[in-house]
file structure-v6.pdb (PDB, C-alpha atoms)
ATOM      1  CA  LEU E  13     135.932  37.487-127.202
ATOM      2  CA  VAL E  14     138.324  39.036-124.715
ATOM      3  CA  GLU E  15     141.084  39.564-127.290
ATOM      4  CA  ARG E  16     138.647  41.137-129.737
ATOM      5  CA  GLY E  17     137.234  43.433-127.075
ATOM      6  CA  LEU E  18     133.694  42.216-127.686
ATOM      7  CA  HIS E  19     131.311  43.142-124.895
ATOM      8  CA  ILE E  20     128.546  40.579-125.043
ATOM      9  CA  LYS E  21     126.772  38.672-122.313
ATOM     10  CA  TRP E  22     126.208  34.960-122.778
ATOM     11  CA  SER E  23     125.226  31.831-120.886
ATOM     12  CA  THR E  24     125.698  28.123-121.521
ATOM     13  CA  ASP E  25     125.205  24.572-120.304
ATOM     14  CA  LEU E  26     128.394  22.760-119.303
ATOM     15  CA  ARG E  27     129.281  19.238-118.329
ATOM     16  CA  MET E  28     130.193  18.988-114.661
ATOM     17  CA  GLU E  29     133.867  18.026-114.708
ATOM     18  CA  ASP E  30     136.668  18.502-112.205
ATOM     19  CA  VAL E  31     138.920  20.259-114.720
ATOM     20  CA  TYR E  32     138.104  23.951-114.234
ATOM     21  CA  SER E  33     140.586  26.299-112.563
ATOM     22  CA  ARG E  34     140.058  29.754-111.080
ATOM     23  CA  ASP E  35     142.031  31.264-113.979
ATOM     24  CA  GLN E  36     139.661  29.580-116.444
ATOM     25  CA  THR E  37     136.491  30.682-114.664
ATOM     26  CA  ASP E  38     137.831  34.238-114.354
ATOM     27  CA  LEU E  39     138.578  34.252-118.089
ATOM     28  CA  LEU E  40     135.095  32.923-118.866
ATOM     29  CA  TYR E  41     133.644  35.763-116.776
ATOM     30  CA  GLN E  42     135.821  38.326-118.585
ATOM     31  CA  SER E  43     134.533  36.931-121.892
ATOM     32  CA  GLY E  44     130.983  37.831-120.847
ATOM     33  CA  LEU E  45     129.740  34.559-119.355
ATOM     34  CA  VAL E  46     127.006  35.504-116.894
ATOM     35  CA  SER E  47     125.484  32.124-116.067
ATOM     36  CA  VAL E  48     126.112  28.423-116.461
ATOM     37  CA  ALA E  49     123.822  25.439-115.952
ATOM     38  CA  PHE E  50     125.199  22.078-114.896
ATOM     39  CA  GLY E  51     123.443  18.718-114.941
ATOM     40  CA  VAL E  52     124.240  16.815-111.757
ATOM     41  CA  GLU E  53     122.794  13.338-111.731
ATOM     42  CA  SER E  54     123.195  12.695-108.018
ATOM     43  CA  ALA E  55     124.442  14.128-104.731
ATOM     44  CA  SER E  56     125.713  10.723-103.680
ATOM     45  CA  ASP E  57     129.329   9.735-104.235
ATOM     46  CA  ARG E  58     128.277   6.091-104.298
ATOM     47  CA  LEU E  59     125.739   6.651-107.067
ATOM     48  CA  LEU E  60     128.065   8.900-109.073
ATOM     49  CA  GLN E  61     130.704   6.169-108.931
ATOM     50  CA  ARG E  62     128.203   3.463-109.930
ATOM     51  CA  MET E  63     127.136   5.609-112.903
ATOM     52  CA  SER E  64     130.809   6.082-113.846
ATOM     53  CA  LYS E  65     130.446   9.877-113.852
ATOM     54  CA  GLY E  66     134.071  10.488-112.958
ATOM     55  CA  ILE E  67     133.260  13.207-110.440
ATOM     56  CA  SER E  68     132.564  13.379-106.708
ATOM     57  CA  VAL E  69     130.186  15.470-104.632
ATOM     58  CA  GLY E  70     133.199  17.391-103.292
ATOM     59  CA  ALA E  71     134.364  18.168-106.823
ATOM     60  CA  ILE E  72     130.864  19.313-107.779
ATOM     61  CA  ASP E  73     130.911  21.732-104.848
ATOM     62  CA  ARG E  74     134.417  22.963-105.747
ATOM     63  CA  VAL E  75     133.530  23.594-109.410
ATOM     64  CA  ASN E  76     130.287  25.336-108.471
ATOM     65  CA  ARG E  77     132.189  27.550-106.008
ATOM     66  CA  LEU E  78     134.841  28.462-108.619
ATOM     67  CA  PHE E  79     132.230  29.713-111.081
ATOM     68  CA  PHE E  80     130.271  31.527-108.368
ATOM     69  CA  GLU E  81     133.361  33.243-106.921
ATOM     70  CA  SER E  82     134.335  34.408-110.419
ATOM     71  CA  GLY E  83     130.970  36.205-110.660
ATOM     72  CA  ILE E  84     129.147  33.652-112.806
ATOM     73  CA  ALA E  85     125.654  32.623-111.709
ATOM     74  CA  THR E  86     125.348  28.856-111.430
ATOM     75  CA  CYS E  87     122.339  26.604-111.820
ATOM     76  CA  TRP E  88     122.304  22.879-111.485
ATOM     77  CA  SER E  89     119.692  20.211-111.367
ATOM     78  CA  ARG E  90     119.455  16.595-110.347
ATOM     79  CA  SER E  91     117.032  14.110-111.784
ATOM     80  CA  ASP E  92     115.347  13.780-108.375
ATOM     81  CA  GLN E  93     114.981  17.530-107.618
ATOM     82  CA  GLN E  94     114.069  20.802-109.219
ATOM     83  CA  GLY E  95     116.969  23.007-110.301
ATOM     84  CA  ARG E  96     118.807  25.262-107.900
ATOM     85  CA  CYS E  97     120.443  28.529-108.874
ATOM     86  CA  ARG E  98     122.877  30.815-107.152
ATOM     87  CA  SER E  99     124.149  34.264-108.082
ATOM     88  CA  LYS E 100     125.868  37.179-106.410
ATOM     89  CA  THR E 101     123.254  39.675-107.554
TER      90      THR E 101
END

call {"tool": "encode", "arguments": {"input": "structure-v6.pdb", "output": "structure tokens"}}
result
Amino acid sequence: LVERGLHIKWSTDLRMEDVYSRDQTDLLYQSGLVSVAFGVESASDRLLQRMSKGISVGAIDRVNRLFFESGIATCWSRSDQQGRCRSKT
């Protein structure tokens, strides 16, 4: 999208993984990504480990912050709570 100079706005659902970098989230923003929704099963490291999710509460916070600081609105929900969203606008 960036290379082709396409100016579209898009949003998506993504798996919460501790693999995103600031360069990647900046590029996603440049491509037109305006919001992302994450499914977060728990805010407990113990439960995340028992469910073999491969991510920690600290990593969830870091990934959420990366997207937010790149200008991408973030929403996430847990099975025991309603969704929460955050945007700069």

call {"tool": "resolve_selection", "arguments": {"input": "structure-v6.pdb", "expression": "the PyMOL selection byres ((chain E and resi 13) around 12)", "output": "MDAnalysis selection string"}}
result
chainID E and resid 14:22 39:45

call {"tool": "atom_distance", "arguments": {"input": "structure-v6.pdb", "atom1": "atom CA of Val48 of chain E", "atom2": "atom CA of Ile67 of chain E"}}
result
17.9 Å

call {"tool": "resolve_selection", "arguments": {"input": "structure-v6.pdb", "expression": "the PyMOL selection byres ((chain E and resi 82) around 8)", "output": "PyMOL selection string"}}
result
chain E and resi 34+37-38+41+78-81+83-84

call {"tool": "atom_distance", "arguments": {"input": "structure-v6.pdb", "atom1": "atom CA of Glu53 of chain E", "atom2": "atom CA of Ser23 of chain E"}}
result
20.8 Å

call {"tool": "atom_distance", "arguments": {"input": "structure-v6.pdb", "atom1": "atom CA of Arg77 of chain E", "atom2": "atom CA of Glu29 of chain E"}}
result
13.0 Å

call {"tool": "residues_near_point", "arguments": {"input": "structure-v6.pdb", "point": "(128.7, 8.4, -114.3)", "cutoff": "12 Å", "atoms": "only C-alpha atoms", "output": "PyMOL selection string"}}
result
chain E and resi 27-29+51-68

call {"tool": "axis_aligned_box", "arguments": {"input": "structure-v6.pdb", "around": "segment 25-35 of chain E", "padding_each_side": "6 Å", "output": "lines of an AutoDock Vina configuration file"}}
result
center_x = 133.6
center_y = 24.6
center_z = -115.7
size_x = 28.8
size_y = 25.2
size_z = 21.2

call {"tool": "closest_residue", "arguments": {"input": "structure-v6.pdb", "among": "E:Tyr32, E:Trp88, E:Asp25, E:Phe50", "to": "Val75 of chain E", "atoms": "all atoms listed in the file"}}
result
E:Tyr32

call {"tool": "closest_residue", "arguments": {"input": "structure-v6.pdb", "among": "E:Ser47, E:Leu26, E:Asp35, E:Thr86", "to": "Asp73 of chain E", "atoms": "all atoms listed in the file"}}
result
E:Thr86

call {"tool": "decode", "arguments": {"input": "structure-v6.pdb", "residues": "segment 44-79 of chain E", "atoms": "N, CA, C and O atoms", "output": "PDB file, in the first residue's frame"}}
result
ATOM      1  N   GLY E  44      -2.027   3.065   6.274  1.00  0.00           N
ATOM      2  CA  GLY E  44      -3.419   3.459   6.429  1.00  0.00           C
ATOM      3  C   GLY E  44      -4.151   2.791   7.576  1.00  0.00           C
ATOM      4  O   GLY E  44      -5.345   3.018   7.779  1.00  0.00           O
ATOM      5  N   LEU E  45      -3.446   1.965   8.359  1.00  0.00           N
ATOM      6  CA  LEU E  45      -4.094   1.300   9.489  1.00  0.00           C
ATOM      7  C   LEU E  45      -4.493   2.345  10.525  1.00  0.00           C
ATOM      8  O   LEU E  45      -3.643   3.081  11.024  1.00  0.00           O
ATOM      9  N   VAL E  46      -5.780   2.411  10.829  1.00  0.00           N
ATOM     10  CA  VAL E  46      -6.263   3.399  11.793  1.00  0.00           C
ATOM     11  C   VAL E  46      -6.647   2.783  13.128  1.00  0.00           C
ATOM     12  O   VAL E  46      -6.637   3.469  14.148  1.00  0.00           O
ATOM     13  N   SER E  47      -7.004   1.486  13.121  1.00  0.00           N
ATOM     14  CA  SER E  47      -7.351   0.853  14.393  1.00  0.00           C
ATOM     15  C   SER E  47      -7.127  -0.649  14.319  1.00  0.00           C
ATOM     16  O   SER E  47      -7.230  -1.248  13.260  1.00  0.00           O
ATOM     17  N   VAL E  48      -6.824  -1.202  15.490  1.00  0.00           N
ATOM     18  CA  VAL E  48      -6.598  -2.642  15.602  1.00  0.00           C
ATOM     19  C   VAL E  48      -7.293  -3.140  16.873  1.00  0.00           C
ATOM     20  O   VAL E  48      -7.316  -2.442  17.885  1.00  0.00           O
ATOM     21  N   ALA E  49      -7.893  -4.313  16.764  1.00  0.00           N
ATOM     22  CA  ALA E  49      -8.528  -4.945  17.921  1.00  0.00           C
ATOM     23  C   ALA E  49      -7.743  -6.205  18.274  1.00  0.00           C
ATOM     24  O   ALA E  49      -7.389  -6.988  17.398  1.00  0.00           O
ATOM     25  N   PHE E  50      -7.461  -6.346  19.544  1.00  0.00           N
ATOM     26  CA  PHE E  50      -6.746  -7.511  20.054  1.00  0.00           C
ATOM     27  C   PHE E  50      -7.668  -8.293  20.983  1.00  0.00           C
ATOM     28  O   PHE E  50      -8.420  -7.696  21.747  1.00  0.00           O
ATOM     29  N   GLY E  51      -7.583  -9.602  20.957  1.00  0.00           N
ATOM     30  CA  GLY E  51      -8.256 -10.428  21.948  1.00  0.00           C
ATOM     31  C   GLY E  51      -7.241 -10.777  23.027  1.00  0.00           C
ATOM     32  O   GLY E  51      -6.188 -11.322  22.730  1.00  0.00           O
ATOM     33  N   VAL E  52      -7.545 -10.422  24.246  1.00  0.00           N
ATOM     34  CA  VAL E  52      -6.653 -10.695  25.376  1.00  0.00           C
ATOM     35  C   VAL E  52      -7.438 -11.539  26.367  1.00  0.00           C
ATOM     36  O   VAL E  52      -8.395 -11.061  26.967  1.00  0.00           O
ATOM     37  N   GLU E  53      -7.062 -12.777  26.509  1.00  0.00           N
ATOM     38  CA  GLU E  53      -7.839 -13.699  27.313  1.00  0.00           C
ATOM     39  C   GLU E  53      -7.804 -13.408  28.802  1.00  0.00           C
ATOM     40  O   GLU E  53      -8.736 -13.718  29.527  1.00  0.00           O
ATOM     41  N   SER E  54      -6.709 -12.816  29.274  1.00  0.00           N
ATOM     42  CA  SER E  54      -6.581 -12.586  30.711  1.00  0.00           C
ATOM     43  C   SER E  54      -5.556 -11.487  30.978  1.00  0.00           C
ATOM     44  O   SER E  54      -4.669 -11.247  30.168  1.00  0.00           O
ATOM     45  N   ALA E  55      -5.711 -10.844  32.144  1.00  0.00           N
ATOM     46  CA  ALA E  55      -4.724  -9.868  32.602  1.00  0.00           C
ATOM     47  C   ALA E  55      -3.927 -10.455  33.764  1.00  0.00           C
ATOM     48  O   ALA E  55      -3.447  -9.738  34.630  1.00  0.00           O
ATOM     49  N   SER E  56      -3.782 -11.763  33.742  1.00  0.00           N
ATOM     50  CA  SER E  56      -3.042 -12.470  34.774  1.00  0.00           C
ATOM     51  C   SER E  56      -1.939 -13.290  34.110  1.00  0.00           C
ATOM     52  O   SER E  56      -2.223 -14.159  33.278  1.00  0.00           O
ATOM     53  N   ASP E  57      -0.702 -13.002  34.481  1.00  0.00           N
ATOM     54  CA  ASP E  57       0.413 -13.777  33.930  1.00  0.00           C
ATOM     55  C   ASP E  57       0.252 -15.271  34.226  1.00  0.00           C
ATOM     56  O   ASP E  57       0.533 -16.112  33.369  1.00  0.00           O
ATOM     57  N   ARG E  58      -0.221 -15.584  35.403  1.00  0.00           N
ATOM     58  CA  ARG E  58      -0.400 -16.989  35.779  1.00  0.00           C
ATOM     59  C   ARG E  58      -1.397 -17.673  34.851  1.00  0.00           C
ATOM     60  O   ARG E  58      -1.129 -18.767  34.340  1.00  0.00           O
ATOM     61  N   LEU E  59      -2.522 -17.030  34.594  1.00  0.00           N
ATOM     62  CA  LEU E  59      -3.521 -17.638  33.714  1.00  0.00           C
ATOM     63  C   LEU E  59      -3.041 -17.699  32.264  1.00  0.00           C
ATOM     64  O   LEU E  59      -3.277 -18.689  31.572  1.00  0.00           O
ATOM     65  N   LEU E  60      -2.372 -16.650  31.802  1.00  0.00           N
ATOM     66  CA  LEU E  60      -1.844 -16.674  30.435  1.00  0.00           C
ATOM     67  C   LEU E  60      -0.862 -17.832  30.259  1.00  0.00           C
ATOM     68  O   LEU E  60      -0.859 -18.507  29.229  1.00  0.00           O
ATOM     69  N   GLN E  61      -0.028 -18.054  31.270  1.00  0.00           N
ATOM     70  CA  GLN E  61       0.923 -19.162  31.209  1.00  0.00           C
ATOM     71  C   GLN E  61       0.196 -20.505  31.231  1.00  0.00           C
ATOM     72  O   GLN E  61       0.516 -21.407  30.453  1.00  0.00           O
ATOM     73  N   ARG E  62      -0.818 -20.631  32.077  1.00  0.00           N
ATOM     74  CA  ARG E  62      -1.564 -21.899  32.151  1.00  0.00           C
ATOM     75  C   ARG E  62      -2.324 -22.192  30.859  1.00  0.00           C
ATOM     76  O   ARG E  62      -2.527 -23.341  30.509  1.00  0.00           O
ATOM     77  N   MET E  63      -2.714 -21.125  30.133  1.00  0.00           N
ATOM     78  CA  MET E  63      -3.398 -21.306  28.854  1.00  0.00           C
ATOM     79  C   MET E  63      -2.413 -21.440  27.696  1.00  0.00           C
ATOM     80  O   MET E  63      -2.821 -21.556  26.552  1.00  0.00           O
ATOM     81  N   SER E  64      -1.122 -21.392  28.014  1.00  0.00           N
ATOM     82  CA  SER E  64      -0.064 -21.498  26.995  1.00  0.00           C
ATOM     83  C   SER E  64      -0.209 -20.438  25.903  1.00  0.00           C
ATOM     84  O   SER E  64      -0.063 -20.731  24.719  1.00  0.00           O
ATOM     85  N   LYS E  65      -0.474 -19.195  26.302  1.00  0.00           N
ATOM     86  CA  LYS E  65      -0.653 -18.114  25.339  1.00  0.00           C
ATOM     87  C   LYS E  65       0.671 -17.578  24.794  1.00  0.00           C
ATOM     88  O   LYS E  65       0.701 -16.928  23.765  1.00  0.00           O
ATOM     89  N   GLY E  66       1.742 -17.786  25.505  1.00  0.00           N
ATOM     90  CA  GLY E  66       3.035 -17.339  25.009  1.00  0.00           C
ATOM     91  C   GLY E  66       3.239 -15.836  25.083  1.00  0.00           C
ATOM     92  O   GLY E  66       4.052 -15.280  24.342  1.00  0.00           O
ATOM     93  N   ILE E  67       2.502 -15.181  25.954  1.00  0.00           N
ATOM     94  CA  ILE E  67       2.639 -13.732  26.117  1.00  0.00           C
ATOM     95  C   ILE E  67       2.387 -13.386  27.577  1.00  0.00           C
ATOM     96  O   ILE E  67       1.703 -14.125  28.283  1.00  0.00           O
ATOM     97  N   SER E  68       2.961 -12.276  28.028  1.00  0.00           N
ATOM     98  CA  SER E  68       2.784 -11.835  29.406  1.00  0.00           C
ATOM     99  C   SER E  68       1.989 -10.532  29.432  1.00  0.00           C
ATOM    100  O   SER E  68       1.829  -9.860  28.403  1.00  0.00           O
ATOM    101  N   VAL E  69       1.528 -10.171  30.612  1.00  0.00           N
ATOM    102  CA  VAL E  69       0.803  -8.912  30.775  1.00  0.00           C
ATOM    103  C   VAL E  69       1.710  -7.741  30.388  1.00  0.00           C
ATOM    104  O   VAL E  69       1.270  -6.797  29.726  1.00  0.00           O
ATOM    105  N   GLY E  70       2.975  -7.800  30.739  1.00  0.00           N
ATOM    106  CA  GLY E  70       3.915  -6.739  30.369  1.00  0.00           C
ATOM    107  C   GLY E  70       4.064  -6.610  28.867  1.00  0.00           C
ATOM    108  O   GLY E  70       4.129  -5.505  28.322  1.00  0.00           O
ATOM    109  N   ALA E  71       4.110  -7.742  28.173  1.00  0.00           N
ATOM    110  CA  ALA E  71       4.213  -7.725  26.712  1.00  0.00           C
ATOM    111  C   ALA E  71       2.937  -7.168  26.080  1.00  0.00           C
ATOM    112  O   ALA E  71       2.991  -6.442  25.090  1.00  0.00           O
ATOM    113  N   ILE E  72       1.793  -7.515  26.654  1.00  0.00           N
ATOM    114  CA  ILE E  72       0.523  -6.977  26.158  1.00  0.00           C
ATOM    115  C   ILE E  72       0.542  -5.453  26.257  1.00  0.00           C
ATOM    116  O   ILE E  72       0.174  -4.752  25.313  1.00  0.00           O
ATOM    117  N   ASP E  73       0.984  -4.939  27.375  1.00  0.00           N
ATOM    118  CA  ASP E  73       1.073  -3.489  27.564  1.00  0.00           C
ATOM    119  C   ASP E  73       2.044  -2.866  26.562  1.00  0.00           C
ATOM    120  O   ASP E  73       1.760  -1.825  25.968  1.00  0.00           O
ATOM    121  N   ARG E  74       3.207  -3.518  26.356  1.00  0.00           N
ATOM    122  CA  ARG E  74       4.207  -2.980  25.436  1.00  0.00           C
ATOM    123  C   ARG E  74       3.667  -2.932  24.013  1.00  0.00           C
ATOM    124  O   ARG E  74       3.799  -1.923  23.313  1.00  0.00           O
ATOM    125  N   VAL E  75       3.030  -4.007  23.554  1.00  0.00           N
ATOM    126  CA  VAL E  75       2.488  -4.056  22.196  1.00  0.00           C
ATOM    127  C   VAL E  75       1.388  -3.007  22.028  1.00  0.00           C
ATOM    128  O   VAL E  75       1.357  -2.270  21.033  1.00  0.00           O
ATOM    129  N   ASN E  76       0.502  -2.920  23.002  1.00  0.00           N
ATOM    130  CA  ASN E  76      -0.564  -1.921  22.942  1.00  0.00           C
ATOM    131  C   ASN E  76       0.026  -0.507  22.829  1.00  0.00           C
ATOM    132  O   ASN E  76      -0.429   0.306  22.035  1.00  0.00           O
ATOM    133  N   ARG E  77       1.056  -0.239  23.631  1.00  0.00           N
ATOM    134  CA  ARG E  77       1.698   1.079  23.619  1.00  0.00           C
ATOM    135  C   ARG E  77       2.360   1.370  22.271  1.00  0.00           C
ATOM    136  O   ARG E  77       2.287   2.492  21.757  1.00  0.00           O
ATOM    137  N   LEU E  78       3.006   0.370  21.668  1.00  0.00           N
ATOM    138  CA  LEU E  78       3.639   0.563  20.357  1.00  0.00           C
ATOM    139  C   LEU E  78       2.628   1.013  19.307  1.00  0.00           C
ATOM    140  O   LEU E  78       2.866   1.965  18.566  1.00  0.00           O
ATOM    141  N   PHE E  79       1.503   0.312  19.239  1.00  0.00           N
ATOM    142  CA  PHE E  79       0.473   0.672  18.257  1.00  0.00           C
ATOM    143  C   PHE E  79      -0.073   2.066  18.554  1.00  0.00           C
ATOM    144  O   PHE E  79      -0.189   2.903  17.659  1.00  0.00           O
TER     145      PHE E  79
END
